[in-house]
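J.: Once you've had a glance at the structure underneath, I'll fire off some questions.
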Amino acid sequence: MLSGKRILLIIGGGIAAFKSLDLIRRLKERGATVTPVLTRAGEEFVTPLSAGALAGAKCYRNLFDLTDEAEMGHIELSRAADLVVVAPATADLMAKMAGGHADDLASTLLLATDKRVLIAPAMNVRMWLHPATQRNIAALRGDDVLFAGPNEGDMACGEYGPGRMAEPLEIVAAIEAAFGEGPLRGRHVVVTSGPTHEPIDPVRYIANRSSGAQGAALARALRDLGAKVTFVTGPAQVPPPGGVRVVAVQTAQEMLDAVKASLPADAVICAAAVADWRVANAQASKMKKDGSGMVPALEFAENPDILAHVSQLKTGRPALVVGFAAETDDVAAHAAAKRLRKGCNWIVANDVRPATGIMGGTENAVTLITEDGAEDWPRLPKDDVARRLAARVADALGARG
Ligand code: CTP
């Protein structure tokens, strides 16, 4: 059910636009509030009157309509929704989205929104297969835009192939999935991710090479199963996924504080590469060469261990606490010892010997250490490892009540 959910529906210009009227009806039947927006080309196929009447709401049309702007600015309009849906998403609209254009109401809303965007592409098969569109699809996927379809089949133009807009009920199913009607619905999961930066002085710091890719993939997979995710991230290279609460931190101490402030949680997953030490004698002013040839000596102090802290909480310990371990030999034995030392429920151990090509690569070979022993997982893309782990988290939380 989509009861109470607010959907901003952007209707692009394509023959499939007529199906968007049915989509409005289906969404309304399920209790959603629909605010339609027509692009100029969309108006060639659907009238604002029919879209507005079916939605039972004002149909917005043009960025420069001053009356509309007085009623509700485009920033506000783009954020008042819980989800932005584009159906049909034409090749042109997708190109605008991928390029970050904002030259009409629809593209401006798409650029200004802080909500997730789901698109239902519809276009001629050649246009879909064109390298330019394929580049845009990759860019949009990278921006975490969700896709419903397109389907393969006979097209209005007489050709056959991918490019036909998904059916309204398929789009409804994708919308429901975007709202996380999954097994982790109602569960709160905290994920730590990325490296930490430990200051030496206001302009210098100590860091590590973690990209934050595995943590971001995990947060995305948990979100896709319906979890409310708090993503506590150090300064990572990979952007955080949409639809999660992002808490950006720099240091290990800030990461610990942010995790503590995020509790209670059903699960905490520590995927961050936390610096083990901070600089104890960090300077408040930039350190200068004084010409004497003397080099500064850094003193180190141990950082708090976030995973151990959460695992050993006396009150309010999450039902499931998961850590990661990077190992080069005796993977299962070292990881099992680490699980006991830290007091977490599971350890996800990576075999990071250089020969595996895992460090910096797109795949991961993982051994999951639980209270029941060690499980070797096959070598999988990092996204698949994340999805598999998220499914295990859902299973465990289900069993733990
Ligand atoms: N961790 C943490 N806080 C720290 C250090 C580590 O939360 N200050 C978490 C990491 O997020 C990860 C796990 O603990 O989940 C890794 O433990 P760590 O002891 O750092 O092990 P390794 O990095 O694998 O290395 P080593 O065993 O060599 O210490």
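The way I read the labels, and the way they are meant: chains A, B, ... in the order of the structure tokens, residue 1 as the first residue of every chain, and ligand 1 as the first ligand shown, with later ones counted on from there.
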Write out as a PyMOL selection string the residues lying within 6 Å of range 318-334 of chain A, counting only C-alpha atoms and excluding same-chain residues fewer than 3 positions away.
T.: chain A and resi 265-271+337+344-353
J.: Leaving out range 187-192 of chain A and any residue of its chain fewer than 2 positions from it, which residues lie within 8 Å of it when counting only C-alpha atoms, given as JSON, numbers by chain?
T.: {"A": [184, 185, 194, 215, 218, 219, 222, 226, 227, 228, 229, 230, 231, 232, 233, 255, 259, 262, 264, 265, 266, 267, 268, 269, 270, 271, 272]}
J.: Restricting it to N, CA and C atoms, dump the selection as a compact mmCIF listing (two decimals), in the first residue's frame.
T.:
```txt
# COMPACT_ATOMS: atom_id res chain seq x y z
N LEU A 184 13.04 -5.58 5.78
CA LEU A 184 13.66 -4.76 6.84
C LEU A 184 12.82 -3.51 7.14
N ARG A 185 11.61 -3.50 6.63
CA ARG A 185 10.71 -2.39 6.89
C ARG A 185 10.56 -2.18 8.40
N GLY A 194 33.75 4.25 4.87
CA GLY A 194 34.80 5.18 4.44
C GLY A 194 35.99 5.21 5.39
N GLY A 215 30.82 -0.07 1.90
CA GLY A 215 29.87 0.48 2.87
C GLY A 215 28.67 1.11 2.16
N LEU A 218 26.43 -1.53 0.76
CA LEU A 218 25.68 -2.18 1.84
C LEU A 218 24.50 -1.32 2.29
N ALA A 219 24.75 -0.03 2.45
CA ALA A 219 23.68 0.89 2.86
C ALA A 219 22.56 0.87 1.82
N LEU A 222 20.59 -2.45 2.08
CA LEU A 222 19.72 -2.47 3.27
C LEU A 222 18.51 -1.58 3.04
N GLY A 226 14.11 -2.12 2.66
CA GLY A 226 13.12 -1.38 3.46
C GLY A 226 13.65 -0.82 4.76
N ALA A 227 14.95 -1.01 5.05
CA ALA A 227 15.48 -0.52 6.32
C ALA A 227 15.57 1.00 6.32
N LYS A 228 15.43 1.56 7.52
CA LYS A 228 15.78 2.97 7.72
C LYS A 228 17.27 2.96 8.03
N VAL A 229 18.06 3.55 7.15
CA VAL A 229 19.51 3.44 7.29
C VAL A 229 20.12 4.77 7.73
N THR A 230 20.94 4.71 8.77
CA THR A 230 21.77 5.88 9.11
C THR A 230 23.18 5.54 8.64
N PHE A 231 23.69 6.36 7.74
CA PHE A 231 24.97 6.10 7.08
C PHE A 231 26.00 7.08 7.63
N VAL A 232 26.83 6.58 8.53
CA VAL A 232 27.84 7.43 9.17
C VAL A 232 29.13 7.27 8.37
N THR A 233 29.49 8.30 7.64
CA THR A 233 30.60 8.13 6.70
C THR A 233 31.72 9.14 6.91
N MET A 255 33.10 9.80 14.57
CA MET A 255 32.32 8.65 14.08
C MET A 255 31.67 7.93 15.26
N VAL A 259 27.67 7.53 15.87
CA VAL A 259 27.04 6.22 16.03
C VAL A 259 26.24 6.19 17.33
N SER A 262 23.08 7.93 17.03
CA SER A 262 22.11 7.29 16.12
C SER A 262 21.35 6.15 16.79
N PRO A 264 18.88 4.22 19.45
CA PRO A 264 18.90 2.77 19.28
C PRO A 264 18.80 2.34 17.82
N ALA A 265 19.34 1.14 17.57
CA ALA A 265 19.26 0.56 16.24
C ALA A 265 19.06 -0.95 16.38
N ASP A 266 18.47 -1.55 15.36
CA ASP A 266 18.32 -3.00 15.36
C ASP A 266 19.64 -3.66 15.00
N ALA A 267 20.42 -3.00 14.14
CA ALA A 267 21.71 -3.56 13.75
C ALA A 267 22.69 -2.43 13.51
N VAL A 268 23.96 -2.68 13.82
CA VAL A 268 25.04 -1.76 13.48
C VAL A 268 26.06 -2.54 12.67
N ILE A 269 26.41 -2.01 11.51
CA ILE A 269 27.38 -2.68 10.65
C ILE A 269 28.56 -1.74 10.46
N CYS A 270 29.72 -2.17 10.94
CA CYS A 270 30.91 -1.30 10.90
C CYS A 270 31.75 -1.66 9.69
N ALA A 271 31.53 -0.94 8.60
CA ALA A 271 32.31 -1.18 7.38
C ALA A 271 33.39 -0.11 7.20
N ALA A 272 33.49 0.82 8.14
CA ALA A 272 34.47 1.90 8.00
C ALA A 272 35.88 1.38 8.24
```
J.: I'd like the neighbourhood of Ala213 in chain A as a ChimeraX atom specification, where a residue qualifies if any of its atoms comes within 9 Å (using only C-alpha atoms), though same-chain residues fewer than 3 positions away should be ignored.
T.: /A:193-194,210,216-218,236-239,382-383
J.: Enumerate, as an MDAnalysis selection string, the complete set of residues in range 208-290 of chain A that a backbone-based DSSP assignment places in alpha helix (DSSP H).
T.: chainID A and resid 213:224 252:262
J.: Atoms to include: N, CA and C atoms. Write the selected residues as a PDB file, in the first residue's frame.
T.:
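To be explicit, this is the file written out as again_17.pdb:
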```
ATOM      1  N   ALA A 213      33.375   2.136  -0.950  1.00  0.00           N
ATOM      2  CA  ALA A 213      32.486   1.472  -1.925  1.00  0.00           C
ATOM      3  C   ALA A 213      31.643   0.367  -1.271  1.00  0.00           C
ATOM      4  N   GLN A 214      32.295  -0.479  -0.436  1.00  0.00           N
ATOM      5  CA  GLN A 214      31.536  -1.596   0.140  1.00  0.00           C
ATOM      6  C   GLN A 214      30.478  -1.090   1.128  1.00  0.00           C
ATOM      7  N   GLY A 215      30.825  -0.071   1.905  1.00  0.00           N
ATOM      8  CA  GLY A 215      29.867   0.485   2.866  1.00  0.00           C
ATOM      9  C   GLY A 215      28.669   1.114   2.163  1.00  0.00           C
ATOM     10  N   ALA A 216      28.940   1.843   1.072  1.00  0.00           N
ATOM     11  CA  ALA A 216      27.846   2.493   0.331  1.00  0.00           C
ATOM     12  C   ALA A 216      26.943   1.434  -0.305  1.00  0.00           C
ATOM     13  N   ALA A 217      27.553   0.374  -0.846  1.00  0.00           N
ATOM     14  CA  ALA A 217      26.760  -0.700  -1.465  1.00  0.00           C
ATOM     15  C   ALA A 217      25.881  -1.383  -0.417  1.00  0.00           C
ATOM     16  N   LEU A 218      26.429  -1.533   0.759  1.00  0.00           N
ATOM     17  CA  LEU A 218      25.684  -2.182   1.838  1.00  0.00           C
ATOM     18  C   LEU A 218      24.501  -1.322   2.288  1.00  0.00           C
ATOM     19  N   ALA A 219      24.753  -0.026   2.451  1.00  0.00           N
ATOM     20  CA  ALA A 219      23.676   0.889   2.859  1.00  0.00           C
ATOM     21  C   ALA A 219      22.558   0.868   1.818  1.00  0.00           C
ATOM     22  N   ARG A 220      22.952   0.832   0.537  1.00  0.00           N
ATOM     23  CA  ARG A 220      21.966   0.817  -0.549  1.00  0.00           C
ATOM     24  C   ARG A 220      21.147  -0.480  -0.499  1.00  0.00           C
ATOM     25  N   ALA A 221      21.825  -1.603  -0.283  1.00  0.00           N
ATOM     26  CA  ALA A 221      21.131  -2.900  -0.266  1.00  0.00           C
ATOM     27  C   ALA A 221      20.174  -2.986   0.925  1.00  0.00           C
ATOM     28  N   LEU A 222      20.593  -2.453   2.084  1.00  0.00           N
ATOM     29  CA  LEU A 222      19.724  -2.470   3.271  1.00  0.00           C
ATOM     30  C   LEU A 222      18.510  -1.579   3.038  1.00  0.00           C
ATOM     31  N   ARG A 223      18.768  -0.416   2.455  1.00  0.00           N
ATOM     32  CA  ARG A 223      17.671   0.503   2.112  1.00  0.00           C
ATOM     33  C   ARG A 223      16.688  -0.187   1.166  1.00  0.00           C
ATOM     34  N   ASP A 224      17.208  -0.904   0.178  1.00  0.00           N
ATOM     35  CA  ASP A 224      16.333  -1.554  -0.796  1.00  0.00           C
ATOM     36  C   ASP A 224      15.478  -2.649  -0.163  1.00  0.00           C
ATOM     37  N   ALA A 252      37.731   9.458  13.921  1.00  0.00           N
ATOM     38  CA  ALA A 252      37.192   8.270  14.599  1.00  0.00           C
ATOM     39  C   ALA A 252      36.317   8.685  15.784  1.00  0.00           C
ATOM     40  N   GLN A 253      36.778   9.707  16.523  1.00  0.00           N
ATOM     41  CA  GLN A 253      36.004  10.147  17.686  1.00  0.00           C
ATOM     42  C   GLN A 253      34.642  10.682  17.243  1.00  0.00           C
ATOM     43  N   GLU A 254      34.630  11.458  16.143  1.00  0.00           N
ATOM     44  CA  GLU A 254      33.344  11.967  15.634  1.00  0.00           C
ATOM     45  C   GLU A 254      32.462  10.818  15.152  1.00  0.00           C
ATOM     46  N   MET A 255      33.102   9.800  14.570  1.00  0.00           N
ATOM     47  CA  MET A 255      32.324   8.652  14.082  1.00  0.00           C
ATOM     48  C   MET A 255      31.671   7.927  15.261  1.00  0.00           C
ATOM     49  N   LEU A 256      32.430   7.750  16.335  1.00  0.00           N
ATOM     50  CA  LEU A 256      31.867   7.099  17.524  1.00  0.00           C
ATOM     51  C   LEU A 256      30.704   7.929  18.074  1.00  0.00           C
ATOM     52  N   ASP A 257      30.910   9.252  18.178  1.00  0.00           N
ATOM     53  CA  ASP A 257      29.847  10.110  18.706  1.00  0.00           C
ATOM     54  C   ASP A 257      28.590  10.024  17.839  1.00  0.00           C
ATOM     55  N   ALA A 258      28.800  10.001  16.501  1.00  0.00           N
ATOM     56  CA  ALA A 258      27.656   9.954  15.581  1.00  0.00           C
ATOM     57  C   ALA A 258      26.924   8.616  15.716  1.00  0.00           C
ATOM     58  N   VAL A 259      27.673   7.532  15.875  1.00  0.00           N
ATOM     59  CA  VAL A 259      27.039   6.215  16.031  1.00  0.00           C
ATOM     60  C   VAL A 259      26.245   6.186  17.332  1.00  0.00           C
ATOM     61  N   LYS A 260      26.848   6.680  18.406  1.00  0.00           N
ATOM     62  CA  LYS A 260      26.137   6.693  19.702  1.00  0.00           C
ATOM     63  C   LYS A 260      24.845   7.503  19.587  1.00  0.00           C
ATOM     64  N   ALA A 261      24.934   8.660  18.896  1.00  0.00           N
ATOM     65  CA  ALA A 261      23.762   9.536  18.760  1.00  0.00           C
ATOM     66  C   ALA A 261      22.686   8.902  17.875  1.00  0.00           C
ATOM     67  N   SER A 262      23.080   7.932  17.032  1.00  0.00           N
ATOM     68  CA  SER A 262      22.108   7.289  16.123  1.00  0.00           C
ATOM     69  C   SER A 262      21.348   6.150  16.791  1.00  0.00           C
TER      70      SER A 262
END
```
J.: Per DSSP on the backbone, filter range 69-283 of chain A down to the residues in strand (DSSP E or B) and report them as number ranges by chain.
T.: A: 83-89, 116-121, 146-147, 151-154, 160-164, 188-193, 195, 198-201, 204-206, 228-233, 245-248, 267-270, 273, 277-279
J.: Could you write out the selected residues, including C-alpha atoms, as a short mmCIF file (atom, residue, chain, number, x, y, z; two decimals), in the first residue's frame?
T.:
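And here is the file that came out, out.cif:
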```cif
data_model
loop_
_atom_site.label_atom_id
_atom_site.label_comp_id
_atom_site.auth_asym_id
_atom_site.auth_seq_id
_atom_site.Cartn_x
_atom_site.Cartn_y
_atom_site.Cartn_z
CA LEU A 83 9.39 10.15 -4.35
CA VAL A 84 9.76 11.72 -7.79
CA VAL A 85 8.55 9.52 -10.65
CA VAL A 86 9.18 10.26 -14.32
CA ALA A 87 6.83 8.37 -16.65
CA PRO A 88 7.36 8.37 -19.53
CA ALA A 89 11.02 9.33 -19.29
CA ARG A 116 14.80 9.53 -4.77
CA VAL A 117 13.89 9.52 -8.43
CA LEU A 118 12.36 6.59 -10.30
CA ILE A 119 12.09 6.71 -14.07
CA ALA A 120 10.08 4.64 -16.54
CA PRO A 121 11.89 5.13 -19.84
CA LEU A 146 15.77 3.87 -10.01
CA PHE A 147 14.48 2.31 -13.23
CA ASN A 151 10.05 -3.54 -21.61
CA GLU A 152 10.77 -5.33 -24.82
CA GLY A 153 8.01 -5.60 -27.39
CA ASP A 154 6.17 -4.08 -30.32
CA TYR A 160 10.41 -4.29 -31.98
CA GLY A 161 12.84 -4.27 -29.05
CA PRO A 162 13.57 -2.63 -25.70
CA GLY A 163 12.14 0.84 -25.22
CA ARG A 164 8.46 0.27 -24.47
CA HIS A 188 16.86 0.85 11.86
CA VAL A 189 20.34 -0.08 10.69
CA VAL A 190 23.45 2.05 11.27
CA VAL A 191 26.30 1.58 8.76
CA THR A 192 29.76 3.09 9.23
CA SER A 193 31.75 3.58 6.05
CA PRO A 195 38.10 6.21 5.96
CA GLU A 198 42.90 12.36 11.80
CA PRO A 199 44.23 15.95 11.89
CA ILE A 200 47.90 16.80 12.34
CA ASP A 201 47.18 20.52 12.16
CA ARG A 204 47.19 18.21 7.31
CA TYR A 205 45.76 14.86 8.27
CA ILE A 206 46.42 11.12 8.40
CA LYS A 228 15.78 2.97 7.72
CA VAL A 229 19.51 3.44 7.29
CA THR A 230 21.77 5.88 9.11
CA PHE A 231 24.97 6.10 7.08
CA VAL A 232 27.84 7.43 9.17
CA THR A 233 30.60 8.13 6.70
CA ARG A 245 20.25 9.49 6.48
CA VAL A 246 23.81 10.63 5.95
CA VAL A 247 25.96 11.75 8.87
CA ALA A 248 29.30 13.01 7.57
CA ALA A 267 21.71 -3.56 13.75
CA VAL A 268 25.04 -1.76 13.48
CA ILE A 269 27.38 -2.68 10.65
CA CYS A 270 30.91 -1.30 10.90
CA ALA A 273 38.26 1.76 7.82
CA TRP A 277 45.49 6.04 16.04
CA ARG A 278 45.04 9.80 16.13
CA VAL A 279 47.73 12.43 16.51
#
```
J.: Find the spatial neighbours of Ala132 in chain A, counting only C-alpha atoms, within a cut-off of 12 Å - ignore same-chain residues fewer than 6 positions away - and output them as a PyMOL selection string.
T.: chain A and resi 91-92+94-96+98-99+126+138-139
J.: Write the residues of the selection above to a file with N, CA, C and O atoms, as a compact mmCIF listing (two decimals), in the first residue's frame.
T.:
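Saved result, part-v1.txt, follows:
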```
# COMPACT_ATOMS: atom_id res chain seq x y z
N ALA A 91 14.10 9.98 -24.05
CA ALA A 91 15.56 10.04 -24.21
C ALA A 91 16.05 11.45 -23.90
O ALA A 91 17.09 11.63 -23.25
N ASP A 92 15.27 12.45 -24.32
CA ASP A 92 15.68 13.84 -24.11
C ASP A 92 15.68 14.20 -22.62
O ASP A 92 16.62 14.81 -22.12
N MET A 94 15.96 12.13 -20.13
CA MET A 94 17.05 11.40 -19.47
C MET A 94 18.39 12.08 -19.73
O MET A 94 19.25 12.15 -18.85
N ALA A 95 18.57 12.60 -20.95
CA ALA A 95 19.82 13.30 -21.27
C ALA A 95 19.94 14.56 -20.41
O ALA A 95 21.02 14.88 -19.90
N LYS A 96 18.82 15.25 -20.25
CA LYS A 96 18.83 16.46 -19.41
C LYS A 96 19.18 16.10 -17.97
O LYS A 96 19.97 16.77 -17.31
N ALA A 98 20.84 13.46 -16.91
CA ALA A 98 22.23 13.01 -16.81
C ALA A 98 23.18 14.20 -16.89
O ALA A 98 24.24 14.20 -16.26
N GLY A 99 22.79 15.21 -17.65
CA GLY A 99 23.66 16.38 -17.82
C GLY A 99 23.44 17.47 -16.78
O GLY A 99 24.15 18.47 -16.77
N ARG A 126 15.94 2.15 -31.28
CA ARG A 126 17.25 2.69 -31.72
C ARG A 126 17.72 3.79 -30.76
O ARG A 126 18.90 3.92 -30.48
N ALA A 138 23.90 4.84 -17.81
CA ALA A 138 24.96 4.51 -16.84
C ALA A 138 25.15 5.65 -15.85
O ALA A 138 25.30 5.43 -14.64
N ALA A 139 25.09 6.89 -16.35
CA ALA A 139 25.28 8.05 -15.46
C ALA A 139 24.13 8.12 -14.45
O ALA A 139 24.34 8.34 -13.26
```
J.: Taking only C-alpha atoms and all ligand atoms into account, name the residue in A:Glu363, A:Asp290, A:Glu371, A:Asp276 that is nearest to ligand 1.
T.: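 Ranking A:Glu363, A:Asp290, A:Glu371, A:Asp276 by distance to ligand 1, first place goes to A:Asp276.
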J.: Can you tell me, as a ChimeraX atom specification, what residues are no more than 9 Å from Pro48 in chain A when counting only C-alpha atoms, ignoring any on the same chain fewer than 5 positions away?
T.: /A:36-38,43,53,58-61
J.: Output C-alpha atoms for every residue in that selection, as a PDB file, in the first residue's frame.
T.:
```pdb
ATOM      1  CA  PRO A  36       1.359  15.816 -11.764  1.00  0.00           C
ATOM      2  CA  VAL A  37       3.845  17.890 -13.727  1.00  0.00           C
ATOM      3  CA  LEU A  38       3.637  18.041 -17.515  1.00  0.00           C
ATOM      4  CA  GLU A  43       1.202  18.420 -23.077  1.00  0.00           C
ATOM      5  CA  ALA A  53      -8.659  15.787 -12.677  1.00  0.00           C
ATOM      6  CA  LYS A  58      -3.186  20.966  -9.524  1.00  0.00           C
ATOM      7  CA  CYS A  59      -1.167  19.963 -12.575  1.00  0.00           C
ATOM      8  CA  TYR A  60       2.047  22.025 -12.775  1.00  0.00           C
ATOM      9  CA  ARG A  61       3.316  22.962 -16.214  1.00  0.00           C
TER      10      ARG A  61
END
```
J.: Distance atom 3 (N, counted along the ligand's line) of ligand 1-CA of Ala308 in chain A, one decimal place?
T.: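 Atom 3 (N, counted along the ligand's line) of ligand 1 sits 7.1 Å away from CA of Ala308 in chain A.
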J.: Could you check which of A:Val34, A:Met359, A:Cys157, A:Leu169 is closest to Arg6 in chain A, using only C-alpha atoms?
T.: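 Closest residue, counting only C-alpha atoms: A:Val34.
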J.: Hey, can you check how far CA of Ala374 in chain A sits from atom 24 (O, counted along the ligand's line) of ligand 1?
T.: 16.3 Å
J.: One number please: CA of Gly316 in chain A to CA of Lys342 in chain A, in Å, one decimal.
T.: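 The value is 16.8 Å.
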J.: May I ask which of the residues A:Leu397, A:Leu313, A:Leu105, A:Met1 is the closest one to Glu176 in chain A, counting only C-alpha atoms?
T.: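 Looking at the shortest contact to Glu176 in chain A, the residue is A:Met1.
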J.: Under the rule that only C-alpha atoms are counted, which of A:Ile75, A:Ala396, A:Val46, A:Ile7 is the nearest residue to Leu111 in chain A?
T.: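 Ranking A:Ile75, A:Ala396, A:Val46, A:Ile7 by distance to Leu111 in chain A, first place goes to A:Ile75.
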